[in-house]
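Peer 1: What follows is a structure written as C-alpha cells; I'll ask about it next.
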Amino acid sequence: MIKITDLEKFYRTEEVETIALNKLSIEVKKGEFVAIMGPSGCGKSTLLNILGMLDDPDGGSYMFNSVEVAHFNERKRADLRKHNIGFVFQSFNLIDELTVFENVELPLIYTGVPSSERVKRVEEVLDKMQIMHRRNHYPQQLSGGQQQRVAIARAVVNKPKLILADEPTGNLDSSNGNEVMELLTDLNEHGTTIIMVTHSEHDARYSHRIIRLLDGQTVMENIMI
Amino acid sequence: MIRNFLKVAIRNLWRNKNFSAINITGLAIGMAAAMLILLWVQNEISYDRFYEKTNRIHIVYSRDKNNGKIDVWNRTTALLAPALKKDYPEVEDAVRFRPVYFLMTFGEKHLNVQGSFADSSFLSVLNFPFLKGNAKTALNDNHNIVITNKLAIRLFGKTEAMGKTVRIDSADNFTVAGVLKDLPGNTELEFEYLLPWTYITKLGWDNNQTWSSSNAATYVLLKKGISREAFDEKIKNIVRHHKKDGDGSTREVFTQPLSMAHLYSKSENGKLIGGRVETVKLFIAIALVILAIACINFMNLSTARSEKRAKEVGIRKVVGARKNSLIMQFIGESTILALIAFIIAICLVQISLGGFSEVVGVPLFINFGNLYWWLFALAFILFTGLIAGSYPAFYISSSRPAEVLKGTFKNASALIKPRKLLVVLQFTFAIILIICTIIVERQLQFARSRDTGYNKGNLVYIFSQGDVIKNYRLIKHDLLSTGAAVAVTKTFSPITRVWGTATGLSWQGSTEADKKLNFLLFEADDDFAKTTGAKLLQGRDIDINSYPTDSTALLFNEAAVKAMHLQDPVGKTIKNANGVNCHIIGVLKDFIIESPYDEVKPMIIQGLSTGYPVVHFRLNPANSVGIDLAKAEKIFKQYNRQYPFEYVFADEAFARKFREEQQDSTLSALFAGLTVFISCLGLFGLATYMAENRKKEIGIRKVLGASTSSITTLLSLDFIKLVLLAIIIASPIAWWTMNTWLQGYTYRIQVEWWVFVMAGFVAVAIALLTVSFQSVKAALMNPVRSLRSE
C-alpha cells in the first residue's frame, strides 16, 4: 500500500540545516498495523506528516497505492487525503466551536456526502465509539478519553484505508489509553491499515511490526508475534 | 457547507464576545461616519438637478475688472433676458428672477417674507412642482401670485389657498394662482412666493435699468444640442454691443450649467474654478480615510486572532478542505461582521443625523425607498467584507496544516510588521486631525477676539418698512425719551454688511491711479459714532439735521486716509465720481464691517441718501435687554402698526460671519475624535496580539527576575515608538495643510511649535492608556502557566 524510497526532508534556517529524514525507505502492506518509535527529534512526526500528505518531501519517492504522490500539488493531495486517510492526534485537534456530532460530520461535508447519509453515518460511528450520548456536547465539555474517541470517530467516518495516529494515547491515562488502543486494533482487524507513532513500548505491542528510527534512518525493525 | 460555516462564524462571534464587540463597534463607527459624510456629499452634488430640463438650464454670470482683478458674480441686467430671447436662436427661453422682501397681509396676519419677481415662464423653465395650479398660467396675470405650501399654511392655515387675495406691502392685492410644493433643501434659489415681473415695472423699480445694472438673476434654457461654449462665445460682448457709450465697458457675460452653480462659486481670473466642490472632495477623502482606518482595524483584529483560528484551519485541511473553501469561509465571516456593523451603523446614523445636519447646516436623511440606495448599501457591505476579510483569509488559509497543528504557526512575527505599519498610519491620520482641530479652533478664537472697532453688544438694528421712515423722527424721539435706547441712527446697510462701493474719487494732489481706488460705501444721518460705538479719531460725526451741508460730508476710516496718503484730512475737499465736491469732516478708527479675517478696507461714510435705510439703536444699559426691547416694540407697533417688530442683534449678525469656520472646527474635532477612537481600537487589538505572542518571552523574563513594572514598560514602549514615528510623519503634513488653509485668511495666527508638541502628548497619552491594560495584564501573568505549554 505504501512504499517510500530514499525519502529526504530537511529543515533549514538561515544558518543551520537539519536533516529530519535521511534517505529513508519503508514499505507498509495493506492491512498492516505498524508502530514507529524512536527518541525525540528522530523524524517520526515528520514521516507521519509526509505519509499523511500534510507536508511534502525534499527528495525520494512516495508511492501510495502504486501512485507516485511525492510531488502532488496541494489540491490533489487534499483530494487523495480526504478519501483515503484518517488522522488521530495526541492533542485530539477537535474544533472547539463545533459539537461532537459536527466535528465528526466535517470530513463527510468536504467529501460531498448528502446530508441524510451524513446523519446516518455519523450516528453509526458515534454509536460504535460509545459516545452517542455526548453527540451535542462541545469538545471542552468532554474528558480526554472521550475527546480522543470523537477524534477517532472523525478519522474513520469516511471509511479510510489508512489511519495515521500520532501518539494517540500521549495525553491519556492508562485505562483510557488502553481503550483507545483496543479501538485501533479493532479497526485494524476489520481491514484498516494503521501507522502509529508512539513513545510507549506498551502501545507498540498492539502492532504487528515496530520500526525504530534514529536521526532520520531506520535502525531496526521488530516483527511482533 | 455554508451552514457549517455560518455555525462556526456565529459561535466564534459569541465565544469571543469582547473581541467581536470591539471589532464590530470599530467597523460600525467607521461606516457610520463614512455614511454621514457621503450623505452630505450626495446632498451637495444633487443641488438644482431635479428639473425636467436640468441639462439645458444655465445661469448667466457677469464679469468685470475691478481694482486690477476680475470679479465674477451671478447677477445681470434685467435687459439681458429679453434680448437673449429675441436675438439668439439658440435660446429656447430666458427668464429673470429678482429676490425681494415684502410684507404679506391676509386679514390680521402680517408676515415679512422673502420672495421674488419672476418672468411668466419662469416656472416652465425651473419646474418646481405645483400642488395646485400650473406653470403655464400661474404667473400670466399681473395680479397673480404663486406661493409655497409653507407660506400657504402660515397665511391661511388649513383653508384653501387658491383664489385668496393677499396684500403686498400694504399697497397692492394679489390673487393666489398656484401653490408650490415646499422648495427642496438642495436648491440655490430661495423664495416663498413669486410675483409677476410686470409688478416691478408698476412699482417703477426698473425705470433706471441700464446695461450696467446688475440686479437680476438670468436663467437661460438652451435648445437641444446647443453647445454652451459656442453660445458663450457669441454672447460674451452683449453688454458692450448694447451700451450706447460702450467703448469703455469691460463687462462680459457667460453661462454656467445651473447644476454646477452650487459647487463652483469661487472665481479666479474671471473663471469659476472652485468653491464648494473643494470641500466636497475633501470630505470624500475624509470619508474614505475613516472607512479605510476602520477596515484596517478590522483586518488587524482579525489577524490578531489568526493563531487561534489557525488550528481550526489546520484541522479542516487535514479532513479535506481546499484552500478556496477556506478563503470563502473567512471572507464570508467578515462579510457577516460587516453586515452586522452596517446595521448598527444605520442605527448610529439615524441617531446622529439630526445633530450632524445641524452642524453642516443642511437637513440630511437616508432615502430608504430608493433602490439605488439598497444597491449601494449591498456593494458597501460586500466591499468592506472583502477588504476587511481578505488579509486574514489569504494569509491563514495558505498556511501549512502540519505546521499549524504542531503549534508552530511561525509566520506570526511576519504578521506584526505590516500591522505595526497600519498602526503608524492610523495614528498619523489621527495626529494630523488633532493638530488641524487645534489650529482651526485657535484661528477661530483669534478672529473672534479681534477688536471689531465698535461696540456690538446691546446694538440692535431693524430694516425699515412701511411707515418707519415717515415716522422716523417720532420713533427716535420716543425711543430716547422712554429710555429704551440711548442713541439712534439711520444707515444705508447694517453695521455688519456693506452694500455699496465707490470709485472715481479725486482730491488735491491725487493721481489718475487714485481714481481707481475702491472704497466701501456706507451712509448715515447722524449719531453714527455715538450709536455704534465707533471711535472718532479726528473731527466730528455726520449730523445732517444740525448741519444742512452734511449731505455732502464724508467720514473716512483710517485705512482710507492711509490709502489716499492724506495728511491732516479733516476739512479737505473730495470730488466724487459724479463731480460733486464733498468735504471730510472726520476720521473714524478702523472697524470691521466685512470679514473678520481680512484687513479693514478703505471706507467712506456719507450723508444718508437711501429711501430704505436700516435703523440702528443702542439699548439702554440701565435696563435689562427684555425691558428695552418691550418698550421699543411698543413704539414701533404704535408708528408702524401693520408690520411685525423684527430686530437683529449686531453681535449675533457678527457671529454669523464665523459660521463656516465654526463648522470646520466642529467637523474637524468630530473627525479627529472618531479617528482617534477607531485607531485606539486598532492599537488595543495589536496590544492584545503582541501580549499573546510574547507570552513565553514574558514568562522567561519573569522567571529570570523581571518585575511587573519593567515588563509593562517594555511592552508599552514598543507602541510608544510607533506613535512617536506617527508624530514625526504627521507633523510636516499637518503643518503644510494648515499653513495652506491659513493663507486664505489675511488676519491669521502663526502655526506654533507647541501645537505639535501638544498633539504629540495627547496621542502618546491616549496610546499609553490604551495599551497599558494589555501590558499590565500580560506582565501580571503567572509564568508557570505561559511556560507550561512548552
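Each chain of the C-alpha cells is named A, B, ... in the order shown, its residues numbered from 1; ligands are numbered from 1 in display order.
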I need the chain B residues near chain A as a PyMOL selection string; criterion: at most 10 Å, counting only C-alpha atoms.
Peer 2: chain B and resi 1+4+7-12+14-15+309+311-325+400-403+405-406
Peer 1: Mind checking DSSP for segment 553-662 of chain B and telling me the helix (DSSP H, G or I) residues as a PyMOL selection string?
Peer 2: chain B and resi 558-564+625-639+650-662
Peer 1: Mind checking which residues fall within 12 Å of Tyr454 of chain B, counting only C-alpha atoms, ignoring those fewer than 3 positions away in the same chain, and posting them as a PyMOL selection string?
Peer 2: chain B and resi 450-451+457-459+495-496+528-536+588-593+618+650-651+654
Peer 1: So which residues touch Thr198 of chain A within 10 Å, counting only C-alpha atoms, skipping near sequence neighbours fewer than 5 positions away, as an MDAnalysis selection string?
Peer 2: chainID A and resid 35:39 44:45 90 165:170 203:204 210
Peer 1: Excluding Ser267 of chain B and any residue of its chain fewer than 2 positions from it, enumerate the residues within 10 Å of it, using only C-alpha atoms, and give them as a list in words.
Peer 2: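 Counting only C-alpha atoms, the residues come to Arg63, Ile70, Asp71, Val72, Trp73, Tyr264, Ser265, Asn269, Gly270, Lys271, Leu272, Ile273, Gly274 and Gly275 of chain B.
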Peer 1: As a VMD selection string, please: every residue in segment 14-211 of chain B that a backbone DSSP assignment puts in strand (DSSP E or B).
Peer 2: chain B and resid 57 to 66 69 to 73 76 91 to 106 109 to 118 130 to 132 144 to 148 165 to 168 172 to 180 193 to 196
Peer 1: Measuring atom to atom with only C-alpha atoms, identify which of B:Val100, B:Val615, B:Ile235, B:Ala152 is nearest to Leu84 of chain B.
Peer 2: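 Nearest to Leu84 of chain B: B:Ile235.
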Peer 1: Show which residues sit within 12 Å of segment 182-185 of chain A, as a ChimeraX atom specification. Count only C-alpha atoms, and ignore same-chain residues fewer than 5 positions away.
Peer 2: /A:31-35,86-88,125,128-130,145,148-153,155-156,162-165,168-169,175-177,190-196,203-208
Peer 1: Next, write the just-selected residues to a file, as an mmCIF file, in the first residue's frame, keeping C-alpha atoms as the atom set.
Peer 2:
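Ended up saving to out-v2.cif:
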```
data_model
loop_
_atom_site.group_PDB
_atom_site.id
_atom_site.type_symbol
_atom_site.label_atom_id
_atom_site.label_comp_id
_atom_site.auth_asym_id
_atom_site.auth_seq_id
_atom_site.Cartn_x
_atom_site.Cartn_y
_atom_site.Cartn_z
ATOM 1 C CA GLY A 31 -3.931 -4.392 6.484
ATOM 2 C CA GLU A 32 -0.738 -3.950 8.499
ATOM 3 C CA PHE A 33 -0.523 -2.247 11.909
ATOM 4 C CA VAL A 34 2.866 -0.575 12.136
ATOM 5 C CA ALA A 35 4.295 1.324 15.086
ATOM 6 C CA GLY A 86 -7.832 9.410 8.613
ATOM 7 C CA PHE A 87 -5.817 11.178 11.303
ATOM 8 C CA VAL A 88 -5.646 10.774 15.057
ATOM 9 C CA VAL A 125 -19.759 5.645 14.085
ATOM 10 C CA LYS A 128 -19.618 2.297 17.669
ATOM 11 C CA MET A 129 -17.337 4.598 19.705
ATOM 12 C CA GLN A 130 -19.928 4.681 22.506
ATOM 13 C CA GLY A 145 -10.612 9.779 26.603
ATOM 14 C CA GLN A 148 -9.936 11.007 21.603
ATOM 15 C CA ARG A 149 -12.808 8.698 20.817
ATOM 16 C CA VAL A 150 -14.504 11.572 18.986
ATOM 17 C CA ALA A 151 -11.266 12.173 17.099
ATOM 18 C CA ILE A 152 -11.104 8.502 16.133
ATOM 19 C CA ALA A 153 -14.727 8.603 15.098
ATOM 20 C CA ALA A 155 -10.892 9.713 11.450
ATOM 21 C CA VAL A 156 -12.906 6.644 10.493
ATOM 22 C CA LEU A 162 -5.231 4.205 6.164
ATOM 23 C CA ILE A 163 -5.207 5.703 9.647
ATOM 24 C CA LEU A 164 -2.249 7.750 10.812
ATOM 25 C CA ALA A 165 -2.038 8.109 14.561
ATOM 26 C CA PRO A 168 -2.849 8.725 20.222
ATOM 27 C CA THR A 169 -2.527 7.897 23.942
ATOM 28 C CA SER A 175 -7.132 2.967 31.205
ATOM 29 C CA ASN A 176 -8.338 5.479 28.598
ATOM 30 C CA GLY A 177 -5.158 4.773 26.647
ATOM 31 C CA HIS A 190 -11.594 -5.043 10.114
ATOM 32 C CA GLY A 191 -9.060 -4.227 7.417
ATOM 33 C CA THR A 192 -7.825 -0.684 8.018
ATOM 34 C CA THR A 193 -4.101 -0.139 7.691
ATOM 35 C CA ILE A 194 -2.705 1.731 10.688
ATOM 36 C CA ILE A 195 0.561 3.557 11.121
ATOM 37 C CA MET A 196 1.107 4.859 14.629
ATOM 38 C CA ASP A 203 1.203 0.683 22.948
ATOM 39 C CA ALA A 204 3.673 -0.588 20.377
ATOM 40 C CA ARG A 205 2.913 -4.122 21.446
ATOM 41 C CA TYR A 206 -0.536 -3.790 19.864
ATOM 42 C CA SER A 207 1.150 -3.513 16.435
ATOM 43 C CA HIS A 208 2.408 -6.154 14.011
#
```
Peer 1: Which residue gives the smallest distance to Phe677 of chain B among B:Asn186, B:Thr25, B:Phe283, B:Trp736, with only C-alpha atoms counted?
Peer 2: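 The shortest atom-to-atom distance to Phe677 of chain B comes from B:Thr25.
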Peer 1: Would you list the contacts of Ser357 of chain B as number ranges by chain, taking every protein, DNA or RNA residue within 12 Å and counting only C-alpha atoms, but skipping same-chain residues closer than 6 positions in sequence?
Peer 2: B: 36-37, 39-40, 43, 185, 349-351, 363-366, 663, 667
Peer 1: Generate a file of the selected residues that holds C-alpha atoms, formatted as a tab-separated table (two decimals), in the first residue's frame.
Peer 2:
```tsv
chain	number	residue	atom	x	y	z
B	36	LEU	CA	-22.89	60.56	7.26
B	37	ILE	CA	-20.25	62.27	5.19
B	39	LEU	CA	-24.97	61.63	2.71
B	40	TRP	CA	-23.76	65.20	2.95
B	43	ASN	CA	-26.80	66.32	-0.92
B	185	GLY	CA	-33.22	71.83	0.52
B	349	VAL	CA	-26.58	57.35	11.51
B	350	GLN	CA	-30.28	57.66	12.28
B	351	ILE	CA	-29.48	58.71	15.84
B	363	PRO	CA	-31.21	68.71	6.59
B	364	LEU	CA	-29.98	65.24	5.62
B	365	PHE	CA	-31.87	61.96	5.52
B	366	ILE	CA	-31.49	58.43	4.23
B	663	GLN	CA	-18.40	74.31	11.10
B	667	LEU	CA	-16.26	68.80	11.98
```
